[in-house]
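Only one structure is covered here, and it is reproduced in the block below.
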Amino acid sequence: MRRDPRDLVRYTAGQRANHWIVGISFILLGMSGLALFHPAFYPFALLFGGGTWTRILHPIFGVVMGLAFILMVIRFAKHNLMSRVDWKWIGRIGEMVDGIDEGMPAQGKYNGGQKLMFWLLLLCMLLLIPSGIVLWRTYFDFPVEWVRWAAVVHSATAVVMICLIFVHVYAAIWVTGTVRAMWYGTVTRAWAKQHHRTWFEEVTKR
Amino acid sequence: MALQSLDIQARSATTTPVPGVRETPDLAKLIDISKCIGCKACQVACMQWNDLQGEIGHNIGSYENPHDLNDTTWTLMRFYEVEPEANRLEWLIRKDGCMHCADPGCLAACPSPGAIVQFSNGIVDFHQENCIGCGYCITGCPFDIPRLSKKDEKAYKCTLCSDRVSVGLEPACVKTCPTGAITFGSKRDMINHAKERILDLNERGFAQAGLYDPQGVGGTHVMYVLQHADRPELYGLPKDPTVSPLVELWKGIAKPLAIATMAFVGFASLFHYVTKGPNAVSKEIEKEVEKEEEEQA
């Protein structure tokens, strides 16, 4: 949907669907995983039909997210290659956080912070997937010392990833006019010009 | 499995006090390996009392039968042919099973409230109706005892006959042992009994005889008299068992630290919005874009 015929397309329907699958499975994974991690979050198990169902479903959600995430990496990796201007942007992230973004270097489709987020999330997944397989006792039986390491790596990485996603979600809410790109794929020209000027110039020149 | 109880000392995944007004004395089972003849009567008694019959297995050239503990075999005679000294063969036979640690790694690791409890008499018991089948108890155990059942995906292990003990009976294995190698009573009495046995063994040429009551797990409520207490690995026992530091980390500091970190990031985001407001597109740029549009039109 374009509110205005001049709105810019940022994501295709396929890309959006892919992101939604990752997002939904992440929320399910986060809640079921926290239930298994800390008694304070054990009530989340009720949302999945109890503790046993939580234990059964969590790794299945994990497989869904793992596959959808890999697909997303394939789709978006080329847009997330770090360049010198991205590091410059990251170096001045303090100004951005302060809400004074006028002087920030012009950014392409993604800014340095988004790109860094992309690679950090990929790193988290590369730690979570193998450690999760080691912890999956229904189908696997690894040496107990591996399982102990996997438990530490899996839970620590999960907490880091949850924090990163908090930042990811908050940034989308904070920057007005962003969330619509996730829903129906378009952004306004003014939004693009303010936040991703280089990308704006690329897509409007044609 | 046990009856509803008022003498619970610790309960898995529970952060508030547990029902524990009733105090019971510290109990212990003492297994004197020097008296064991490997008859497996204890194994049979365990199956009989708990009404469990495992599948019939295969002989793999060892007296051990079955080959390992499993969901229906909560105690198992393990046979070790060793030479503690050159050319002196000894056949060491150890009744394997849960040690009922004072500081149980299984209970620390369990994420399901009330699936594992420790009674004030020292028995560590699994309540399978609360078990979710994750196997974290296996990850936490320093003695490799709990087993997940392939039939129902619940974890099982020796209960120290908590059902019998709660009504004043001794465990089934103790009741049946024909040589008196297994004894049961207050932990203090069992330690005193062990001391007598150790003196006797010392006189019989086992200078290193001693009690296996590993302090790394706070002591255990199943103890062994070993002829070679300086070398518990001869019996397949860990020398200085402790709950793995990885498990301590995972189930210790990691939990409050994780909550604090996630709460910090969540609240920092909220207050950032409250103090800085949204990052909206500036009026200036909106006007610029409108102007460009007009020019193009």
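Please note that chains go A, B, ... in the order of the structure tokens, that every chain numbers its residues from 1, and that ligands are numbered from 1 in the order shown.
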Quick one: residues within 9 Å of A:Pro143, only C-alpha atoms counted, chain neighbours fewer than 4 positions away excluded, as a PDB file with N, CA and C atoms, in the first residue's frame?
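Written file, result.pdb:
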ATOM      1  N   VAL A 134      23.089 -29.103  20.637  1.00  0.00           N
ATOM      2  CA  VAL A 134      23.740 -29.894  21.689  1.00  0.00           C
ATOM      3  C   VAL A 134      22.806 -30.069  22.894  1.00  0.00           C
ATOM      4  N   VAL A 147      27.456 -30.465  26.743  1.00  0.00           N
ATOM      5  CA  VAL A 147      26.123 -29.954  27.064  1.00  0.00           C
ATOM      6  C   VAL A 147      26.238 -28.799  28.058  1.00  0.00           C
ATOM      7  N   ARG A 148      27.183 -28.948  29.025  1.00  0.00           N
ATOM      8  CA  ARG A 148      27.364 -27.875  30.013  1.00  0.00           C
ATOM      9  C   ARG A 148      27.838 -26.593  29.344  1.00  0.00           C
TER      10      ARG A 148
END
Contacts of A:Pro43 within 12 Å, only C-alpha atoms, excl. fewer than 6 positions in-chain, as a ChimeraX atom specification = /A:31-37,49-51,54 /B:13,111-113
query = Out of stretch 15-232 of chain B, which residues get helix (DSSP H, G or I) from DSSP, as number ranges by chain?
reply = B: 33-35, 41-50, 105-109, 128-130, 136-140, 162-165, 172-176, 187-203, 215-217, 232
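With only C-alpha atoms taken into account, the protein and nucleic acid residues at most 9 Å from A:Ala68 (excluding it and anything under 4 positions from it in its own chain) are Asn18, His19, Ile21, Val22, Val63, Val64, Met72 and Val73 of chain A.
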inquiry  = Calculated over only C-alpha atoms, which of the candidates B:Lys276, B:Arg147, B:Arg94, B:His100 has the smallest distance to chain A?
reply    =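 Of the candidates, the smallest distance to chain A is held by B:Lys276.
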Residues within 9 Å of stretch 158-161 of chain B, only C-alpha atoms, excluding chain neighbours under 3 positions, as a ChimeraX atom specification = /B:1-2,29,46,49-50,73-75,97-100,123-126,145-146,164-166,169-173,222
key: Interatomic distance (Å, one decimal) between atom CA of B:Glu129 and atom CA of A:Ser155   = 25.8 Å
inquiry  = Could you check the closest approach to chain B for each of A:Leu28, A:Val97, A:Ile129, A:Val187 and tell me which residue wins, using only C-alpha atoms?
reply    = A:Val97
request  = Pull out every residue of chain B sitting within 8 Å of chain A, counting only C-alpha atoms, and send them as number ranges by chain.
outcome  = B: 13-15, 111-113, 131-135, 138-140, 153, 246-247, 249-250, 254-255, 258, 261-262, 265-266, 269, 273, 276-282, 285-286, 289
query = Between B:Phe79, B:Ile33, B:Ala45, B:Thr183, which one has atoms that come closest to B:Gly61, using only C-alpha atoms?
reply =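 Answer, going by the shortest atom-to-atom distance: B:Phe79.
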key: Distance criterion (only C-alpha atoms): nearest to A:Leu67 out of A:Lys88, A:Met125, A:Thr157, A:Gln107   =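 Using only C-alpha atoms, A:Leu67 sits closest to A:Met125.
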request  = as a list in words, list the residues of stretch 198-275 of chain B assigned to strand (DSSP E) by DSSP on the backbone atoms of this structure.
outcome  = Gly210, Leu211, Tyr212, Val222, Met223, Tyr224, Val225 and Leu226 of chain B
request  = Would you work out the distance separating atom CA of B:Ile56 from atom CA of B:Asn70, expressed in Å to one decimal?
outcome  = 12.6 Å
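Atom CA of A:His196 lies 14.9 Å from atom CA of A:Ile93.
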key: Non-local contacts of B:Leu30 (9 Å; only C-alpha atoms; under 4 positions in same chain excluded) as a VMD selection string   = chain B and resid 181 to 185 187 190 to 191 193 to 194 221 to 225
inquiry  = Neighbouring residues of stretch 206-211 of chain B were defined as those with any atom within 7 Å, considering only C-alpha atoms; residues of the same chain fewer than 5 positions away were excluded. Please report them as JSON, numbers by chain.
reply    = {"B": [194, 198, 201, 224, 225, 226, 227, 228, 229, 230]}
ask   = Near A:Asn80, within 10 Å and counting only C-alpha atoms, which residues show up once chain neighbours fewer than 3 positions away are dropped, as a PyMOL selection string?
value = chain A and resi 73+76-77+83+86+108-112+114-119
Restricting it to C-alpha atoms, dump the selection as a PDB file, in the first residue's frame.
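In the end it all went to part_34.pdb:
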ATOM      1  CA  VAL A  73      21.063 -13.283   5.708  1.00  0.00           C
ATOM      2  CA  PHE A  76      20.334  -8.836   3.011  1.00  0.00           C
ATOM      3  CA  ALA A  77      24.042  -9.546   3.507  1.00  0.00           C
ATOM      4  CA  SER A  83      32.278   0.686   4.595  1.00  0.00           C
ATOM      5  CA  ASP A  86      29.591   3.266   8.327  1.00  0.00           C
ATOM      6  CA  GLY A 108      22.913   4.166   2.228  1.00  0.00           C
ATOM      7  CA  LYS A 109      20.055   1.686   2.624  1.00  0.00           C
ATOM      8  CA  TYR A 110      21.319   0.899   6.116  1.00  0.00           C
ATOM      9  CA  ASN A 111      23.321   3.002   8.529  1.00  0.00           C
ATOM     10  CA  GLY A 112      26.424   1.749  10.354  1.00  0.00           C
ATOM     11  CA  GLN A 114      21.952  -1.233  11.515  1.00  0.00           C
ATOM     12  CA  LYS A 115      24.770  -3.024   9.729  1.00  0.00           C
ATOM     13  CA  LEU A 116      26.576  -3.724  12.965  1.00  0.00           C
ATOM     14  CA  MET A 117      23.291  -5.025  14.396  1.00  0.00           C
ATOM     15  CA  PHE A 118      22.937  -7.332  11.373  1.00  0.00           C
ATOM     16  CA  TRP A 119      26.356  -8.910  11.891  1.00  0.00           C
TER      17      TRP A 119
END
message = Using only C-alpha atoms for the distances, tell me which of A:Met182, A:Leu29, A:Ala13, A:Leu121 is nearest to A:Met65.
response =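 The closest residue to A:Met65 is A:Leu29.
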